[in-house]
Amino acid sequence: MRILFITHSFNSLTQRLFCELSQRGHEISIEFDIADAVNEEAVALFAPDLILAPFLKRAIPEAIWSRHVCLVVHPGIVGDRGPSALDWAIQQAVPAWGVTVLQAEAEMDAGPVWASATFPLRNALKSSIYRNEVTEAAVRAVIAAVDRYFSGNFTPQQVAGKAHALMTQADRAIDWAQQTTAEILARLNAADGFPGVADQLFGQTCHLFDAWPEAALRGEPGELLGRRQTAICRATKDGALWIGHVKTVGGIKLPVTLALPAARELPELPLAGYWKSPTPTWQDISYEEAAGVGFLAFEFYNGAMSTAQCLRLTEAFQWATTRPTKLIVLRGGSDFWSNGVHLNTIEAAESPADESWANINAIDDLAEAILCCETQLTVAALAGNAGAGGCFLARAADFVWARDGVMLNPHYKNMGNLYGSEFWTYLLPPRVGVDGARDIMRHRLPMTATEAVRLGFYDACLPGPGFTIDVARRAAELAAAPDIAQRLAAKRAKRQSDEAIKPLAAYRQEELQEMRRNFYGFDPSYHVARYHFVTRTPHSWTPRHLARHRDLDWKVPV
Ligand code: COA
């Protein structure tokens with residue numbers, strides 16, 4: 001069946017639904033919700049059997065919903081209506097929440113219900129709930145709704161509902177003197193991703209993001225207690241919280257000490273080494289050990305890896321290789337494993353070209369350290385999504401195990417035709433073939449973990465529930481295997497023979513030569529694309545590779 005997606009953007013949820021429905025044999029085309037007339041044109045061109053709106057910020061025009069069944073994914077339970085659905089649920093700390101797939105009608109979110117799914121609501125960032133629980137629930141509900149629609153024997157039911165208002169900054173306001181840590185955390189969590197909570201820091205208005213609980217530090221309510229790397233710690237009346245990112249007025253979202261120079265003057269509150277703190281605190285790189293396995297986690301906000309983060313992570317990885325372990329598991333973060341170089345810190349630099357160069361070299365150094373590790377086997381365990389260079393950085397490990405449901409974007413061209421580095425020219429072709437590598441890079445489409453394993457790019461796709469435990473068990477088995485010494489010897493021999501055929505330095509130099517052109521050459525596409533990406537400029541057209549109905553040779557099947 002032909003299904004047209006009308007969506008605000010091709011975000012991770014939309015990508016996941018695109019992959020899941022395509023795998024079920026449906027033909028999907030995408031139109032970004034730019035203007036009613038453009039949507040109507042897309043409907044006329046594609047003549048869809050069904051329209052799906054996975055992520056919309058405006059209502060579907062009557063000219064469309066009155067003639068076609070349009071299913072809308074609403075991030076709320078049955079009966080919930082209106083904007084800021086997830087924000088209200090998180091801020092009010094409801095125990096369970098859900099996703100409803102309903103039919104578009106005149107009143108927003110009030111149409112008949114085709115399917116729904118629920119989940120227990122975690123105490124976590126809204127962006128994390130959206131990428132995990134909401135996405136999984138949406139997949140279940142959309143597949144049920146689509147099956148019901150095409151079965152032709154399901155009648156969706158109208159349900160009574162209650163509409164809530166758009167959550168304003170007044171609803172989100174934080175009072176550091178009066179509110180408890182839990183109340184403030186709930187507000188910051190509910191606003192994460194977008195729009196953040198408006199507050200004042202160093203006399204400057206800014207929006208706060210990326211909150212972390214703190215268990216040990218105390219101070220006067222509202223007092224800034226200190227900083228750790230790029231984050232700052234602020235006291236509440238019964239504890240303290242860390243803030244990792246802020247967006248200043250007219251600025252972009254940045255690590256706090258980069259956005260607000262005064263924050264650099266705060267006293268440093270260091271953690272000794274990489275071992276995971278036993279109590280909650282801000283720790284972006286942490287290490288644990290069990291059963292001969294070292295687990296290195298890097299909880300970098302949005303999966304973006306700045307030059308400084310890459311340098312610190314390389315240092316931590318090198319330290320982990322000195323431990324008496326047989327295996328190192330690179331855990332990444334809980335929402336993202338890695339999305340490659342940090343486009344926001346690059347944008348904020350005095351010379352974005354120079355910072356791009358420094359950042360790509362720093363991430364390449366990390367990839368090289370992983371590739372050349374002779375003392376342990378390495379596993380990249382992807383609990384969260386990965387994009388661009390992050391997908392290839394993971395492939396630098398000896399094994400890549402991904403959680404079922406993880407979305408991958410192993411290509412670079414969407415960022416202004418970037419060539420890419422991270423040794424992808426060494427890592428990708430042997431896995432998927434030269435033609436396969438060219439297709440992945442050219443098509444610029446997302447891929448599920450299952451697909452990545454089917455293609456041979458990654459090694460295993462493990463079930464979502466229990467992924468962390470499963471990874472730890474498999475890693476312990478691998479570390480305890482009687483042939484671990486032979487495996488390590490085989491790994492060293494393979495690296496040596498590969499090096500003799502073509503040195504890693506040659507791959508790197510060839511890739512970086514292309515990247516140098518992207519950063520410093522005549523064509524400014526990468527700088528333009530990065531600017532639009534970091535400033536979240538609304539789309540003004542749908543890329544051709546997504547809008548299949550706009551292909552020159554597209555014809556509505558008769
Ligand atoms: N640098 C800085 N920020 C990044 C980032 C990067 N490399 N990748 C993602 N982000 C941020 C986004 O700006 C967004 O920020 P927000 O907090 O304001 O919402 C957030 O991470 C989530 O990204 P979004 O695009 O909404 O997530 P998604 O899951 O829908 O899409 C990707 C994932 C990977 C497809 C998309 O984020 C992307 O294309 N990232 C850029 C990858 C890249 O080109 N890296 C550089 C080359 S190595």
# chains A, B, ... in the order shown; residues from 1 in each chain; ligands from 1

call {"tool": "residues_near_ligand", "arguments": {"ligand": "ligand 1", "cutoff": "6 Å", "atoms": "only C-alpha atoms and all ligand atoms", "output": "mmCIF file with N, CA, C and O atoms, in the first residue's frame"}}
result
data_model
loop_
_atom_site.group_PDB
_atom_site.id
_atom_site.type_symbol
_atom_site.label_atom_id
_atom_site.label_comp_id
_atom_site.auth_asym_id
_atom_site.auth_seq_id
_atom_site.Cartn_x
_atom_site.Cartn_y
_atom_site.Cartn_z
ATOM 1 N N ASN A 11 12.533 13.102 11.710
ATOM 2 C CA ASN A 11 13.185 12.858 12.998
ATOM 3 C C ASN A 11 13.270 11.361 13.272
ATOM 4 O O ASN A 11 12.796 10.545 12.476
ATOM 5 N N SER A 12 13.871 11.004 14.397
ATOM 6 C CA SER A 12 14.162 9.581 14.627
ATOM 7 C C SER A 12 12.891 8.729 14.660
ATOM 8 O O SER A 12 12.882 7.604 14.168
ATOM 9 N N GLY A 193 15.248 19.130 25.293
ATOM 10 C CA GLY A 193 15.160 19.063 23.827
ATOM 11 C C GLY A 193 14.671 20.417 23.349
ATOM 12 O O GLY A 193 15.428 21.235 22.873
ATOM 13 N N ASN A 302 23.104 14.618 23.314
ATOM 14 C CA ASN A 302 22.732 14.492 21.896
ATOM 15 C C ASN A 302 23.726 13.673 21.080
ATOM 16 O O ASN A 302 23.710 13.725 19.847
ATOM 17 N N ALA A 304 26.681 14.204 20.497
ATOM 18 C CA ALA A 304 27.653 15.034 19.780
ATOM 19 C C ALA A 304 28.981 15.003 20.530
ATOM 20 O O ALA A 304 29.011 15.133 21.746
ATOM 21 N N ASN A 339 26.838 10.723 17.504
ATOM 22 C CA ASN A 339 26.383 11.368 16.266
ATOM 23 C C ASN A 339 27.537 12.095 15.583
ATOM 24 O O ASN A 339 27.329 13.034 14.814
ATOM 25 N N GLY A 340 28.780 11.673 15.896
ATOM 26 C CA GLY A 340 29.931 12.272 15.226
ATOM 27 C C GLY A 340 30.333 13.601 15.829
ATOM 28 O O GLY A 340 29.994 13.913 16.982
ATOM 29 N N VAL A 341 31.031 14.382 15.042
ATOM 30 C CA VAL A 341 31.606 15.634 15.555
ATOM 31 C C VAL A 341 30.499 16.571 16.043
ATOM 32 O O VAL A 341 29.350 16.463 15.617
ATOM 33 N N HIS A 342 30.886 17.492 16.929
ATOM 34 C CA HIS A 342 29.909 18.352 17.606
ATOM 35 C C HIS A 342 29.654 19.598 16.765
ATOM 36 O O HIS A 342 30.435 20.553 16.782
ATOM 37 N N LEU A 343 28.534 19.592 16.043
ATOM 38 C CA LEU A 343 28.284 20.680 15.098
ATOM 39 C C LEU A 343 28.008 22.006 15.801
ATOM 40 O O LEU A 343 28.303 23.073 15.256
ATOM 41 N N ASN A 344 27.469 21.961 17.035
ATOM 42 C CA ASN A 344 27.188 23.224 17.740
ATOM 43 C C ASN A 344 28.473 23.894 18.231
ATOM 44 O O ASN A 344 28.620 25.117 18.104
ATOM 45 N N GLY A 387 24.648 8.257 14.367
ATOM 46 C CA GLY A 387 24.538 8.916 13.068
ATOM 47 C C GLY A 387 25.896 9.324 12.556
ATOM 48 O O GLY A 387 26.839 9.532 13.333
ATOM 49 N N ALA A 388 26.019 9.408 11.246
ATOM 50 C CA ALA A 388 27.212 9.880 10.551
ATOM 51 C C ALA A 388 28.469 9.206 11.116
ATOM 52 O O ALA A 388 28.505 7.978 11.249
ATOM 53 N N GLY A 389 29.477 10.017 11.505
ATOM 54 C CA GLY A 389 30.732 9.448 11.971
ATOM 55 C C GLY A 389 30.564 8.501 13.152
ATOM 56 O O GLY A 389 31.375 7.587 13.339
ATOM 57 N N ASN A 409 22.229 6.085 10.963
ATOM 58 C CA ASN A 409 22.341 6.882 9.735
ATOM 59 C C ASN A 409 23.805 6.883 9.306
ATOM 60 O O ASN A 409 24.524 7.861 9.525
ATOM 61 N N TYR A 412 27.063 10.625 5.426
ATOM 62 C CA TYR A 412 27.453 11.992 5.802
ATOM 63 C C TYR A 412 26.836 13.069 4.919
ATOM 64 O O TYR A 412 26.842 14.233 5.265
ATOM 65 N N MET A 415 24.808 16.352 5.554
ATOM 66 C CA MET A 415 25.399 17.555 6.144
ATOM 67 C C MET A 415 26.229 18.260 5.063
ATOM 68 O O MET A 415 27.457 18.266 5.078
ATOM 69 N N VAL A 534 22.122 23.552 13.179
ATOM 70 C CA VAL A 534 22.262 23.952 14.589
ATOM 71 C C VAL A 534 21.261 25.035 14.989
ATOM 72 O O VAL A 534 20.892 25.131 16.154
#

call {"tool": "closest_atom_pairs", "arguments": {"of": "range 399-513 of chain A", "to": "range 357-374 of chain A", "cutoff": "10 Å", "atoms": "only C-alpha atoms", "output": "Markdown table"}}
result
| residue | atom | partner | partner_atom | distance |
| --- | --- | --- | --- | --- |
| A:Gly420 | CA | A:Ile360 | CA | 8.8 |
| A:Ser421 | CA | A:Asp364 | CA | 7.2 |
| A:Glu422 | CA | A:Asp364 | CA | 5.0 |
| A:Phe423 | CA | A:Asp364 | CA | 7.3 |
| A:Leu427 | CA | A:Leu371 | CA | 9.9 |
| A:Leu488 | CA | A:Glu374 | CA | 7.1 |
| A:Ala489 | CA | A:Glu374 | CA | 8.4 |
| A:Lys491 | CA | A:Glu374 | CA | 7.7 |
| A:Arg492 | CA | A:Glu374 | CA | 6.2 |
| A:Ala493 | CA | A:Glu374 | CA | 9.9 |
| A:Arg495 | CA | A:Cys372 | CA | 7.5 |
| A:Gln496 | CA | A:Cys372 | CA | 9.7 |
| A:Leu504 | CA | A:Glu368 | CA | 8.0 |
| A:Ala505 | CA | A:Glu368 | CA | 9.3 |
| A:Arg508 | CA | A:Asp364 | CA | 7.8 |
| A:Leu512 | CA | A:Ile360 | CA | 8.4 |

call {"tool": "atom_distance", "arguments": {"atom1": "CA of Leu185 in chain A", "atom2": "CA of Thr468 in chain A"}}
result
25.3 Å

call {"tool": "residues_around", "arguments": {"residues": "range 58-66 of chain A", "least_positions_apart": "2", "cutoff": "12 Å", "atoms": "only C-alpha atoms", "output": "ChimeraX atom specification"}}
result
/A:4-8,32-44,47-48,50-56,68-72,74,82-83,102-111

call {"tool": "write_last_selection", "arguments": {"atoms": "C-alpha atoms", "output": "compact mmCIF listing (two decimals), in the first residue's frame"}}
result
# COMPACT_ATOMS: atom_id res chain seq x y z
CA LEU A 4 2.32 9.27 2.50
CA PHE A 5 4.03 10.69 5.59
CA ILE A 6 3.27 14.34 6.27
CA THR A 7 5.74 15.35 8.94
CA HIS A 8 7.50 18.37 10.40
CA PHE A 32 7.64 17.89 5.02
CA ASP A 33 4.80 19.98 6.42
CA ILE A 34 5.81 23.29 4.90
CA ALA A 35 2.52 24.71 3.58
CA ASP A 36 -1.00 23.42 3.02
CA ALA A 37 -0.71 23.84 -0.75
CA VAL A 38 2.51 21.79 -0.84
CA ASN A 39 0.88 19.01 1.19
CA GLU A 40 -2.11 18.99 -1.15
CA GLU A 41 0.22 18.76 -4.13
CA ALA A 42 2.02 15.80 -2.55
CA VAL A 43 -1.29 14.03 -1.97
CA ALA A 44 -2.29 14.60 -5.58
CA ALA A 47 -2.36 9.29 -4.54
CA PRO A 48 -1.79 7.52 -1.22
CA LEU A 50 -3.33 6.23 3.63
CA ILE A 51 -1.69 9.33 5.13
CA LEU A 52 0.34 9.17 8.32
CA ALA A 53 1.47 12.15 10.40
CA PRO A 54 4.22 10.87 12.73
CA PHE A 55 5.42 14.27 13.95
CA LEU A 56 3.38 17.39 13.21
CA HIS A 68 -8.32 10.86 2.83
CA VAL A 69 -7.92 8.96 6.05
CA CYS A 70 -5.07 10.67 7.91
CA LEU A 71 -3.65 8.94 10.99
CA VAL A 72 -1.95 11.22 13.49
CA HIS A 74 -0.25 11.82 19.34
CA GLY A 82 -3.64 19.30 22.73
CA PRO A 83 0.00 20.39 22.58
CA LEU A 102 -6.11 8.85 15.87
CA GLN A 103 -7.81 10.04 12.73
CA ALA A 104 -7.43 13.72 11.83
CA GLU A 105 -10.64 15.74 12.02
CA ALA A 106 -11.57 19.39 12.54
CA GLU A 107 -10.81 19.42 16.26
CA MET A 108 -7.14 18.73 17.08
CA ASP A 109 -6.51 15.21 18.53
CA ALA A 110 -10.25 14.60 18.89
CA GLY A 111 -10.80 12.17 15.99

call {"tool": "select_by_dssp", "arguments": {"residues": "range 192-293 of chain A", "states": "alpha helix (DSSP H)", "output": "JSON, numbers by chain"}}
result
{"A": [256, 257, 258, 259]}

call {"tool": "write_last_selection", "arguments": {"atoms": "C-alpha atoms", "output": "CSV table (one decimal), in the first residue's frame"}}
result
chain,number,residue,atom,x,y,z
A,256,VAL,CA,27.3,25.9,29.8
A,257,THR,CA,30.9,27.0,30.1
A,258,LEU,CA,31.1,27.6,26.4
A,259,ALA,CA,27.9,29.7,26.2

call {"tool": "residues_around", "arguments": {"residues": "Ala198 in chain A", "least_positions_apart": "5", "cutoff": "10 Å", "atoms": "only C-alpha atoms", "output": "PyMOL selection string"}}
result
chain A and resi 169-170+172-174+188+191+205-209+246-249

call {"tool": "select_by_dssp", "arguments": {"residues": "range 125-301 of chain A", "states": "strand (DSSP E)", "output": "PyMOL selection string"}}
result
chain A and resi 162-163+197-201+204-214+224-228+231-235+240-248+253-255+285-290+293-298
